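*Asks:* I have a structure here, written as structure tokens, and I will follow up with some questions on it.
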Amino acid sequence: MTAATQWTGKAEQGELAEIARQIREDIIDMVWNAKSGHPGGSLSAAEILTCLYFREMRIDPERPDWPDRDRFVLSKGHAAPVLYSALARRGYFDPAYLPTLRQLHSPLQGHPHLGSLPGIETSTGSLGQGGGVAVGMALAGKLDGKDYKVYTLWGDGELEEGLVWESAMAAGHYGLDNLIGIVDWNGLQIDGGITEVMNPEPIDAKFIAFGWHVETADGHDPADLCRAMDRARGVKGKPALVLCKTVKGKGVSFMEGEGGWHGKAPDEAQWRQAIGELGGKAQPISPEEMKALVAKACEAIPHTELRAVASDDGAKVASTKVSPYVIYAKGGEVAQGPATREAYGSTLADLAASHPQLVVLDADLSKSTMTAEFKKVAPARFFNAGIAEANMTCMGGGLAAAGKTVFVSTFAMFAAGRSYEQILNTIAGSGFNVKIAATHAGLSVGEDGMSHQMLSDIALMRSVPGLQVLAPADAAEASAMIRYLADHPGPAYIRLGRAKAPVVFDSAIAGPDYDPGQIQILREGGDVTLAACGVMTGIALEAADLLAAEGLGARVLNVSSIKPLDTATLIAAAKETGAVVTCEEHNVLGGLGAAVAEVLSETCPVPVLRIGVQDQFGQSGVPGSLLKLYGLDKEHIASLAKKAIAMKEVPAG
Ligand SMILES: Cc1ncc(C[n+]2csc(CCOP(=O)(O)OP(=O)(O)O)c2C)c(N)n1
């Protein structure tokens, strides 16, 4: 690699070609040292990023978080080498560390990861997600009255992703003239030419039809590119696209226009040849030098560690007292109160005035999710994403990136199902402050039947690192949770119901001491533990009454945080009662029962039996009948509790 040149301030037009040359040399060197990576689509974008980072964007490498900065989202995240080189050459970090790309412990991950390197605005790599994030950032700019611009770079093959068009539609709909999309129009994807694999042409006409202004440019001519970018910056009332004609592998003779160089590293001879063609000098790095360089990079580049696992770091101290907020009287029937989604809507509306950073998104279900309540009182901070849940999730990420506390809402089926991978990669993968409020979860959706009864969301969501997974027992607890989430940054999933919910808690539970990470003991008992969440908590209390009538003491736990799980209180209950029954309105695979069984089998093996849907689909019916049909009723809980008690009495062996 040549000397660690860093440019400060805006480059002169005449310098741009030299900067792009340097970036190409970096790309080849990085991929050679990594022995893997994506040279083709990085080389094709060298002038595009040069133009952005050295002429167009209002940025300050000394202040990567400067609120007024222009933002760049590399939606085609596999081109990380070109981004890393541009950031380093522009002064975000020392270019000497570029060769550590993809090495274990290096902050230069294979795809951009928010927090690993200064200047990265969001985690990307899963194609199609950058546009929605850029839309969210642009919406935040409008909300805050800021004049920054948001740029996002798509690959032309990436345009085959439906999600790109969801974001393009949203940008057009909201008239985001602070958003500039760029397409690296190199004509190749992995399996061949874009027109052979799945033709996204005509690209310009499609964007125009989505309400965009379109510029075209020679993506390798810095002057032409900058002119097109300048024109795009000046567009008013609509988003602008700069369609950049490029050559994949540009600058290296044997890579140019060759699809095979999409994701492949050169061998030594090819590396030497490529560096030579680019006018540089091949400088090998020994394994020892590389190790030392990674260690230095780790120290020198400010970065956060990859987010820690949050599965068992809930309450550290076991709860010992029965919750003072339980209002269900022994021996009765739990009264039915408001649905948890009703509490969601009214609490959001309540918080609107005191939380000016609160923003709410919905996907054409605001009257059902109850976010319409928030819209009534804070219309400027409510955005409808249309029937485009995955894009809504990404938009939430972009708004959160700009400092908003974001609640995104739709039915659990679409929140956790349709948007699973956006939650995983964009929201949790970036650690964004986005709360996924998923209503209409579980069997109690009722008559809509199977397609709307999400029974797998807890399983999906608890496997997302760093995501809090909550399921309130009733409306009072749902309200307490929403208040808590509004004040505690970080990604979270909250599972809410459609139907009237059993009333378990007094509304006073929503006090400043409320901590969803703490299991609440609802009833003391020494013979068996009933660990429940969501609507099943109230039913578990009724089951405890049935057991009491037979002289059996059931300790009832409200495990409304499935992750992090309050293992201290759970293990104490398992030890003291010797048997556990879990109760959830969810598939028995992967949900609360699985979480409890995992912890107890590793710490305190006692019989654990699971009430829930037995790996089946639901059907239409009224909620109460459905719960009974699938065995989610007090009689079945009581009978399983007796079975669990009998199991602990069987001598081992
Ligand atoms: C959602 C998703 N699907 C598949 C991939 C695997 N993948 C990585 S790059 C790529 C081809 C991208 O082609 P294009 O957008 O034209 O990028 P370029 O040629 O500019 O590198 C594919 C399929 C991915 N990263 N994300």
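Convention: chains lettered A, B, ... in structure tokens order; per-chain residue numbering from 1; ligands numbered from 1 as shown.
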Please tabulate, as a tab-separated table, the residues of chain A that come within 10 Å of ligand 1, each with its closest pair of atoms and the distance in Å to one decimal, counting only C-alpha atoms and all ligand atoms and ordering rows by chain, then residue number upward.
*Replies:*
residue	atom	partner	partner_atom_place_in_ligand_line	distance
A:His38	CA	ligand 1	21 (O)	7.3
A:Pro39	CA	ligand 1	21 (O)	8.2
A:Gly40	CA	ligand 1	21 (O)	6.2
A:Gly41	CA	ligand 1	21 (O)	3.4
A:Ser42	CA	ligand 1	21 (O)	6.7
A:Leu43	CA	ligand 1	21 (O)	9.0
A:Ser44	CA	ligand 1	20 (O)	7.1
A:Ala45	CA	ligand 1	20 (O)	7.8
A:Ser75	CA	ligand 1	15 (O)	9.0
A:Lys76	CA	ligand 1	15 (O)	6.2
A:Gly77	CA	ligand 1	25 (N)	7.4
A:His78	CA	ligand 1	9 (S)	5.9
A:Ala79	CA	ligand 1	21 (O)	6.5
A:His111	CA	ligand 1	25 (N)	9.3
A:Thr124	CA	ligand 1	25 (N)	8.7
A:Gly125	CA	ligand 1	25 (N)	5.2
A:Ser126	CA	ligand 1	26 (N)	3.8
A:Leu127	CA	ligand 1	26 (N)	3.9
A:Gly128	CA	ligand 1	1 (C)	6.3
A:Gln129	CA	ligand 1	1 (C)	8.2
A:Leu153	CA	ligand 1	20 (O)	9.3
A:Trp154	CA	ligand 1	15 (O)	6.4
A:Gly155	CA	ligand 1	15 (O)	3.2
A:Asp156	CA	ligand 1	16 (O)	4.3
A:Gly157	CA	ligand 1	16 (O)	3.4
A:Glu158	CA	ligand 1	15 (O)	3.7
A:Leu159	CA	ligand 1	15 (O)	6.8
A:Glu160	CA	ligand 1	15 (O)	8.3
A:Glu161	CA	ligand 1	1 (C)	7.4
A:Leu163	CA	ligand 1	1 (C)	9.4
A:Val183	CA	ligand 1	20 (O)	8.3
A:Asp184	CA	ligand 1	20 (O)	5.7
A:Trp185	CA	ligand 1	20 (O)	7.1
A:Asn186	CA	ligand 1	20 (O)	6.2
A:Gly187	CA	ligand 1	16 (O)	6.7
A:Leu188	CA	ligand 1	19 (O)	5.0
A:Gln189	CA	ligand 1	13 (O)	3.8
A:Ile190	CA	ligand 1	11 (C)	5.0
A:Asp191	CA	ligand 1	23 (C)	8.0
A:Gly192	CA	ligand 1	13 (O)	9.3
A:Gly193	CA	ligand 1	16 (O)	8.6
A:Ile194	CA	ligand 1	16 (O)	7.0
A:Thr246	CA	ligand 1	20 (O)	9.1
A:Val247	CA	ligand 1	20 (O)	9.2
A:Lys248	CA	ligand 1	19 (O)	6.6
A:Gly249	CA	ligand 1	21 (O)	9.2
A:Gly259	CA	ligand 1	19 (O)	8.0
A:Trp261	CA	ligand 1	21 (O)	9.4
A:His262	CA	ligand 1	21 (O)	6.1
A:Gly263	CA	ligand 1	9 (S)	7.8
A:Glu421	CA	ligand 1	1 (C)	9.0
A:Gln422	CA	ligand 1	1 (C)	9.9
*Asks:* Just the selected residues (N, CA and C atoms), exported as a compact mmCIF listing (two decimals), in the first residue's frame, please.
*Replies:*
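Generated output (part-v9.txt):
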# COMPACT_ATOMS: atom_id res chain seq x y z
N HIS A 38 -15.23 -8.38 -1.64
CA HIS A 38 -15.96 -8.03 -2.85
C HIS A 38 -15.26 -6.93 -3.63
N PRO A 39 -14.32 -7.30 -4.52
CA PRO A 39 -13.61 -6.25 -5.26
C PRO A 39 -14.43 -5.61 -6.37
N GLY A 40 -15.20 -6.44 -7.13
CA GLY A 40 -15.85 -5.93 -8.35
C GLY A 40 -16.74 -4.72 -8.10
N GLY A 41 -17.71 -4.88 -7.18
CA GLY A 41 -18.67 -3.81 -6.90
C GLY A 41 -18.10 -2.73 -6.02
N SER A 42 -16.91 -2.93 -5.48
CA SER A 42 -16.23 -1.85 -4.75
C SER A 42 -15.51 -0.96 -5.75
N LEU A 43 -14.80 -1.62 -6.70
CA LEU A 43 -14.05 -0.85 -7.70
C LEU A 43 -15.00 0.00 -8.55
N SER A 44 -16.18 -0.54 -8.86
CA SER A 44 -17.09 0.22 -9.72
C SER A 44 -17.59 1.49 -9.04
N ALA A 45 -17.54 1.51 -7.72
CA ALA A 45 -18.10 2.66 -6.99
C ALA A 45 -17.03 3.63 -6.49
N SER A 75 -26.20 0.92 0.99
CA SER A 75 -27.18 -0.17 0.99
C SER A 75 -26.54 -1.43 0.41
N LYS A 76 -25.71 -1.29 -0.62
CA LYS A 76 -24.99 -2.47 -1.14
C LYS A 76 -23.77 -2.69 -0.24
N GLY A 77 -24.07 -3.22 0.94
CA GLY A 77 -23.06 -3.30 2.01
C GLY A 77 -21.85 -4.16 1.69
N HIS A 78 -22.00 -5.06 0.69
CA HIS A 78 -20.84 -5.90 0.37
C HIS A 78 -19.69 -5.07 -0.19
N ALA A 79 -19.99 -3.84 -0.63
CA ALA A 79 -18.92 -2.96 -1.13
C ALA A 79 -18.23 -2.22 0.02
N HIS A 111 -18.87 -6.56 6.32
CA HIS A 111 -19.92 -5.64 5.89
C HIS A 111 -20.02 -4.54 6.96
N THR A 124 -25.30 -2.60 7.39
CA THR A 124 -25.89 -3.07 6.13
C THR A 124 -25.17 -4.34 5.67
N GLY A 125 -25.66 -4.91 4.62
CA GLY A 125 -25.09 -6.16 4.11
C GLY A 125 -26.19 -7.04 3.56
N SER A 126 -27.35 -6.96 4.22
CA SER A 126 -28.51 -7.64 3.69
C SER A 126 -29.16 -6.66 2.71
N LEU A 127 -29.12 -7.01 1.45
CA LEU A 127 -29.50 -6.06 0.41
C LEU A 127 -30.95 -5.58 0.56
N GLY A 128 -31.16 -4.34 0.19
CA GLY A 128 -32.50 -3.78 0.14
C GLY A 128 -32.88 -2.94 1.33
N GLN A 129 -32.10 -3.00 2.41
CA GLN A 129 -32.55 -2.36 3.65
C GLN A 129 -32.10 -0.91 3.79
N LEU A 153 -26.58 4.34 -1.53
CA LEU A 153 -26.07 3.72 -2.76
C LEU A 153 -26.62 2.30 -2.88
N TRP A 154 -27.34 2.06 -3.98
CA TRP A 154 -27.85 0.72 -4.30
C TRP A 154 -27.02 0.10 -5.41
N GLY A 155 -26.94 -1.22 -5.42
CA GLY A 155 -26.45 -1.91 -6.60
C GLY A 155 -27.60 -2.06 -7.59
N ASP A 156 -27.26 -2.25 -8.88
CA ASP A 156 -28.37 -2.39 -9.84
C ASP A 156 -29.06 -3.74 -9.68
N GLY A 157 -28.30 -4.78 -9.31
CA GLY A 157 -28.93 -6.07 -9.01
C GLY A 157 -29.81 -5.96 -7.77
N GLU A 158 -29.37 -5.16 -6.83
CA GLU A 158 -30.12 -4.98 -5.57
C GLU A 158 -31.53 -4.45 -5.85
N LEU A 159 -31.69 -3.77 -6.98
CA LEU A 159 -33.01 -3.21 -7.30
C LEU A 159 -34.05 -4.31 -7.52
N GLU A 160 -33.61 -5.56 -7.61
CA GLU A 160 -34.58 -6.67 -7.74
C GLU A 160 -35.30 -6.93 -6.41
N GLU A 161 -34.76 -6.39 -5.32
CA GLU A 161 -35.40 -6.55 -4.00
C GLU A 161 -36.66 -5.70 -3.93
N LEU A 163 -38.08 -4.66 -1.39
CA LEU A 163 -37.90 -3.68 -0.32
C LEU A 163 -37.37 -2.34 -0.85
N VAL A 183 -27.49 4.78 -7.95
CA VAL A 183 -27.40 3.38 -8.38
C VAL A 183 -26.06 3.17 -9.08
N ASP A 184 -25.34 2.16 -8.61
CA ASP A 184 -24.09 1.74 -9.25
C ASP A 184 -24.51 0.81 -10.40
N TRP A 185 -24.65 1.39 -11.56
CA TRP A 185 -25.27 0.72 -12.71
C TRP A 185 -24.20 0.00 -13.53
N ASN A 186 -23.66 -1.06 -12.92
CA ASN A 186 -22.55 -1.76 -13.59
C ASN A 186 -23.04 -2.97 -14.40
N GLY A 187 -24.32 -3.24 -14.37
CA GLY A 187 -24.90 -4.25 -15.26
C GLY A 187 -24.67 -5.70 -14.85
N LEU A 188 -23.94 -5.92 -13.75
CA LEU A 188 -23.67 -7.30 -13.34
C LEU A 188 -24.12 -7.54 -11.91
N GLN A 189 -24.58 -8.74 -11.65
CA GLN A 189 -24.78 -9.18 -10.27
C GLN A 189 -23.97 -10.45 -10.08
N ILE A 190 -24.39 -11.41 -9.27
CA ILE A 190 -23.52 -12.57 -9.04
C ILE A 190 -23.68 -13.60 -10.16
N ASP A 191 -24.91 -13.92 -10.47
CA ASP A 191 -25.15 -15.01 -11.42
C ASP A 191 -25.13 -14.58 -12.88
N GLY A 192 -24.77 -13.34 -13.14
CA GLY A 192 -24.68 -12.89 -14.54
C GLY A 192 -25.10 -11.45 -14.69
N GLY A 193 -25.50 -11.10 -15.93
CA GLY A 193 -25.94 -9.74 -16.21
C GLY A 193 -27.30 -9.50 -15.56
N ILE A 194 -27.54 -8.25 -15.18
CA ILE A 194 -28.81 -7.98 -14.48
C ILE A 194 -30.01 -8.21 -15.39
N THR A 246 -21.46 2.51 -14.75
CA THR A 246 -20.13 2.10 -14.25
C THR A 246 -19.74 0.75 -14.86
N VAL A 247 -18.50 0.37 -14.59
CA VAL A 247 -17.99 -0.93 -15.03
C VAL A 247 -17.58 -1.70 -13.79
N LYS A 248 -18.12 -2.89 -13.62
CA LYS A 248 -17.74 -3.69 -12.46
C LYS A 248 -16.25 -4.04 -12.58
N GLY A 249 -15.51 -3.92 -11.50
CA GLY A 249 -14.08 -4.22 -11.52
C GLY A 249 -13.23 -3.13 -12.13
N GLY A 259 -17.95 -10.84 -14.17
CA GLY A 259 -18.80 -11.14 -13.01
C GLY A 259 -18.10 -12.00 -11.97
N TRP A 261 -15.47 -11.68 -10.55
CA TRP A 261 -14.74 -10.92 -9.52
C TRP A 261 -15.69 -10.21 -8.56
N HIS A 262 -16.92 -10.68 -8.52
CA HIS A 262 -17.87 -10.06 -7.57
C HIS A 262 -17.38 -10.27 -6.13
N GLY A 263 -17.11 -11.52 -5.80
CA GLY A 263 -16.79 -11.83 -4.40
C GLY A 263 -15.62 -12.78 -4.30
N GLU A 421 -36.07 -10.27 9.45
CA GLU A 421 -34.68 -10.04 9.09
C GLU A 421 -34.30 -8.57 9.16
N GLN A 422 -35.29 -7.69 9.00
CA GLN A 422 -35.00 -6.26 9.17
C GLN A 422 -34.77 -5.96 10.66
*Asks:* Could you give me the residues within region 21-53 of chain A that DSSP places in alpha helix (DSSP H), as number ranges by chain?
*Replies:* A: 21-34, 40-43, 46-51
*Asks:* Name all residues at most 10 Å from Leu632 (chain A) (count only C-alpha atoms; drop same-chain ones fewer than 5 positions away) and give them as a short mmCIF file (atom, residue, chain, number, x, y, z; two decimals) with C-alpha atoms, in the first residue's frame.
*Replies:*
data_model
loop_
_atom_site.label_atom_id
_atom_site.label_comp_id
_atom_site.auth_asym_id
_atom_site.auth_seq_id
_atom_site.Cartn_x
_atom_site.Cartn_y
_atom_site.Cartn_z
CA LEU A 443 -54.66 -17.39 19.32
CA VAL A 535 -53.08 -13.30 28.70
CA MET A 536 -52.10 -16.64 30.22
CA ILE A 539 -55.62 -17.78 33.56
CA ALA A 540 -52.70 -19.19 35.56
CA CYS A 583 -48.18 -21.06 30.23
CA GLU A 584 -48.10 -19.08 27.00
CA GLU A 585 -50.35 -18.24 24.09
CA HIS A 586 -47.67 -19.37 21.64
CA ILE A 611 -48.89 -25.25 28.27
CA GLY A 612 -49.15 -23.73 24.81
CA VAL A 613 -50.13 -24.57 21.25
CA GLY A 624 -62.14 -18.05 24.73
CA SER A 625 -63.20 -21.12 22.75
CA LEU A 626 -59.89 -21.22 20.92
CA LEU A 627 -57.88 -21.06 24.12
CA ILE A 637 -53.04 -25.89 33.56
#
*Asks:* So, counting only C-alpha atoms, which residue among A:Gly621, A:Ser286, A:His355, A:Cys394 is closest to Gly449 (chain A)?
*Replies:*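 Nearest candidate to Gly449 (chain A) out of A:Gly621, A:Ser286, A:His355, A:Cys394: A:Gly621.
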*Asks:* List every residue of region 315-505 of chain A that DSSP, applied to the backbone, labels as strand (DSSP E or B), and write the result as an mmCIF file with N, CA and C atoms, in the first residue's frame.
*Replies:*
data_model
loop_
_atom_site.group_PDB
_atom_site.id
_atom_site.type_symbol
_atom_site.label_atom_id
_atom_site.label_comp_id
_atom_site.auth_asym_id
_atom_site.auth_seq_id
_atom_site.Cartn_x
_atom_site.Cartn_y
_atom_site.Cartn_z
ATOM 1 N N VAL A 322 -44.588 -11.032 47.143
ATOM 2 C CA VAL A 322 -45.709 -10.992 46.202
ATOM 3 C C VAL A 322 -45.929 -9.543 45.766
ATOM 4 N N VAL A 326 -51.120 -6.767 42.513
ATOM 5 C CA VAL A 326 -52.075 -7.768 42.022
ATOM 6 C C VAL A 326 -53.457 -7.448 42.578
ATOM 7 N N GLN A 336 -62.386 -9.335 32.881
ATOM 8 C CA GLN A 336 -61.799 -8.958 31.591
ATOM 9 C C GLN A 336 -61.748 -7.436 31.501
ATOM 10 N N GLY A 337 -60.593 -6.939 31.112
ATOM 11 C CA GLY A 337 -60.414 -5.488 31.005
ATOM 12 C C GLY A 337 -59.999 -5.107 29.598
ATOM 13 N N LEU A 358 -40.492 11.261 20.615
ATOM 14 C CA LEU A 358 -41.262 10.047 20.328
ATOM 15 C C LEU A 358 -41.892 10.128 18.932
ATOM 16 N N VAL A 359 -41.651 9.091 18.127
ATOM 17 C CA VAL A 359 -42.190 9.032 16.767
ATOM 18 C C VAL A 359 -42.860 7.670 16.610
ATOM 19 N N VAL A 360 -44.006 7.642 15.952
ATOM 20 C CA VAL A 360 -44.757 6.385 15.818
ATOM 21 C C VAL A 360 -45.012 6.094 14.345
ATOM 22 N N LEU A 361 -44.766 4.844 13.968
ATOM 23 C CA LEU A 361 -44.994 4.410 12.589
ATOM 24 C C LEU A 361 -46.037 3.295 12.578
ATOM 25 N N ASP A 362 -46.816 3.259 11.535
ATOM 26 C CA ASP A 362 -47.782 2.175 11.402
ATOM 27 C C ASP A 362 -47.834 1.744 9.941
ATOM 28 N N PHE A 382 -46.328 11.159 13.491
ATOM 29 C CA PHE A 382 -46.882 9.858 13.095
ATOM 30 C C PHE A 382 -46.657 9.679 11.598
ATOM 31 N N PHE A 383 -46.114 8.542 11.209
ATOM 32 C CA PHE A 383 -45.901 8.274 9.786
ATOM 33 C C PHE A 383 -46.530 6.937 9.412
ATOM 34 N N ASN A 384 -47.310 6.971 8.350
ATOM 35 C CA ASN A 384 -47.838 5.714 7.844
ATOM 36 C C ASN A 384 -46.874 5.192 6.786
ATOM 37 N N THR A 405 -37.013 8.313 19.408
ATOM 38 C CA THR A 405 -37.473 7.097 20.085
ATOM 39 C C THR A 405 -38.642 6.605 19.255
ATOM 40 N N VAL A 406 -38.476 5.448 18.641
ATOM 41 C CA VAL A 406 -39.428 5.052 17.604
ATOM 42 C C VAL A 406 -40.232 3.824 18.031
ATOM 43 N N PHE A 407 -41.542 3.927 17.902
ATOM 44 C CA PHE A 407 -42.412 2.756 18.044
ATOM 45 C C PHE A 407 -42.935 2.422 16.651
ATOM 46 N N VAL A 408 -42.714 1.199 16.185
ATOM 47 C CA VAL A 408 -43.313 0.776 14.917
ATOM 48 C C VAL A 408 -44.360 -0.282 15.241
ATOM 49 N N SER A 409 -45.482 -0.198 14.577
ATOM 50 C CA SER A 409 -46.610 -1.037 14.991
ATOM 51 C C SER A 409 -47.293 -1.701 13.817
ATOM 52 N N THR A 410 -47.576 -2.947 13.983
ATOM 53 C CA THR A 410 -48.437 -3.685 13.067
ATOM 54 C C THR A 410 -48.834 -4.972 13.785
ATOM 55 N N PHE A 411 -49.554 -5.857 13.094
ATOM 56 C CA PHE A 411 -49.907 -7.126 13.716
ATOM 57 C C PHE A 411 -48.632 -7.970 13.904
ATOM 58 N N VAL A 434 -35.450 1.296 18.587
ATOM 59 C CA VAL A 434 -36.740 1.047 17.933
ATOM 60 C C VAL A 434 -37.501 0.007 18.750
ATOM 61 N N LYS A 435 -38.748 0.315 19.052
ATOM 62 C CA LYS A 435 -39.597 -0.617 19.786
ATOM 63 C C LYS A 435 -40.609 -1.176 18.797
ATOM 64 N N ILE A 436 -40.595 -2.477 18.641
ATOM 65 C CA ILE A 436 -41.540 -3.124 17.747
ATOM 66 C C ILE A 436 -42.765 -3.472 18.588
ATOM 67 N N ALA A 437 -43.848 -2.769 18.366
ATOM 68 C CA ALA A 437 -45.072 -3.032 19.132
ATOM 69 C C ALA A 437 -45.977 -3.894 18.264
ATOM 70 N N ALA A 438 -46.046 -5.173 18.603
ATOM 71 C CA ALA A 438 -46.720 -6.162 17.763
ATOM 72 C C ALA A 438 -48.060 -6.515 18.390
ATOM 73 N N THR A 439 -49.131 -6.041 17.776
ATOM 74 C CA THR A 439 -50.457 -6.307 18.336
ATOM 75 C C THR A 439 -51.051 -7.566 17.681
ATOM 76 N N ALA A 441 -51.293 -10.587 18.665
ATOM 77 C CA ALA A 441 -50.459 -11.784 18.771
ATOM 78 C C ALA A 441 -51.294 -12.945 19.297
ATOM 79 N N MET A 454 -50.325 -15.169 15.206
ATOM 80 C CA MET A 454 -48.877 -15.368 15.277
ATOM 81 C C MET A 454 -48.542 -16.159 16.541
ATOM 82 N N GLN A 468 -34.796 -6.981 23.490
ATOM 83 C CA GLN A 468 -35.636 -7.261 24.647
ATOM 84 C C GLN A 468 -36.970 -7.811 24.133
ATOM 85 N N VAL A 469 -37.507 -8.850 24.789
ATOM 86 C CA VAL A 469 -38.768 -9.439 24.321
ATOM 87 C C VAL A 469 -39.763 -9.456 25.484
ATOM 88 N N LEU A 470 -40.835 -8.694 25.316
ATOM 89 C CA LEU A 470 -41.769 -8.477 26.428
ATOM 90 C C LEU A 470 -43.186 -8.890 26.054
ATOM 91 N N ALA A 492 -36.400 -3.252 21.228
ATOM 92 C CA ALA A 492 -37.285 -4.100 22.029
ATOM 93 C C ALA A 492 -38.471 -4.558 21.180
ATOM 94 N N TYR A 493 -39.015 -5.697 21.567
ATOM 95 C CA TYR A 493 -40.227 -6.242 20.944
ATOM 96 C C TYR A 493 -41.258 -6.380 22.051
ATOM 97 N N ILE A 494 -42.438 -5.803 21.852
ATOM 98 C CA ILE A 494 -43.491 -5.952 22.860
ATOM 99 C C ILE A 494 -44.709 -6.585 22.207
ATOM 100 N N ARG A 495 -45.160 -7.681 22.834
ATOM 101 C CA ARG A 495 -46.215 -8.517 22.269
ATOM 102 C C ARG A 495 -47.548 -8.122 22.897
ATOM 103 N N ALA A 501 -58.283 -8.296 27.826
ATOM 104 C CA ALA A 501 -57.278 -9.045 28.584
ATOM 105 C C ALA A 501 -57.728 -9.194 30.034
ATOM 106 N N PRO A 502 -57.371 -10.314 30.673
ATOM 107 C CA PRO A 502 -57.689 -10.483 32.093
ATOM 108 C C PRO A 502 -57.056 -9.341 32.896
ATOM 109 N N PHE A 505 -53.338 -6.577 37.224
ATOM 110 C CA PHE A 505 -52.659 -5.545 38.016
ATOM 111 C C PHE A 505 -53.485 -4.269 38.146
#
*Asks:* Give me the residues within 7 Å of Ala349 (chain A) as a VMD selection string, counting only C-alpha atoms and dropping any in the same chain fewer than 2 places off.
*Replies:* chain A and resid 345 to 347 351 to 352 373 to 374 377
*Asks:* CA of His488 (chain A) and CA of Ser116 (chain A), how far apart in Å?
*Replies:*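 CA of His488 (chain A) lies 22.5 Å from CA of Ser116 (chain A).
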*Asks:* Do you know which residues are at most 7 Å from Ala568 (chain A) counting only C-alpha atoms, after dropping those on the same chain fewer than 4 positions away, and could you put them as a list of chain:residue names?
*Replies:*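 Near neighbours after the sequence-gap exclusion: A:Ala315, A:Lys316, A:Val317, A:Ala318, A:Ala572.
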*Asks:* Any chance you can output those residues with N, CA and C atoms as a PDB file, in the first residue's frame?
*Replies:*
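The file below, result_17.pdb, is the result:
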ATOM      1  N   ALA A 315     -33.282  -9.292  36.030  1.00  0.00           N
ATOM      2  CA  ALA A 315     -33.091  -8.969  37.440  1.00  0.00           C
ATOM      3  C   ALA A 315     -31.962  -9.827  38.003  1.00  0.00           C
ATOM      4  N   LYS A 316     -31.059  -9.189  38.740  1.00  0.00           N
ATOM      5  CA  LYS A 316     -29.916  -9.940  39.274  1.00  0.00           C
ATOM      6  C   LYS A 316     -30.258 -10.565  40.633  1.00  0.00           C
ATOM      7  N   VAL A 317     -31.242  -9.977  41.286  1.00  0.00           N
ATOM      8  CA  VAL A 317     -31.610 -10.446  42.623  1.00  0.00           C
ATOM      9  C   VAL A 317     -33.025 -11.014  42.553  1.00  0.00           C
ATOM     10  N   ALA A 318     -33.190 -12.189  43.150  1.00  0.00           N
ATOM     11  CA  ALA A 318     -34.507 -12.837  43.064  1.00  0.00           C
ATOM     12  C   ALA A 318     -35.579 -12.008  43.770  1.00  0.00           C
ATOM     13  N   ALA A 572     -35.010 -19.655  41.851  1.00  0.00           N
ATOM     14  CA  ALA A 572     -35.446 -19.753  43.255  1.00  0.00           C
ATOM     15  C   ALA A 572     -36.797 -20.476  43.331  1.00  0.00           C
TER      16      ALA A 572
END
*Asks:* From the list A:Val606, A:Leu547, A:Ile427, A:Val588, which residue is nearest Pro491 (chain A) when using only C-alpha atoms?
*Replies:*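 The shortest atom-to-atom distance to Pro491 (chain A) comes from A:Ile427.
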*Asks:* Need the shell around Arg63 (chain A): protein/DNA/RNA residues with any atom at most 12 Å away, counting only C-alpha atoms. Skip same-chain ones fewer than 2 positions apart. Format as a PyMOL selection string?
*Replies:* chain A and resi 58-61+65-70+91-93+118-119
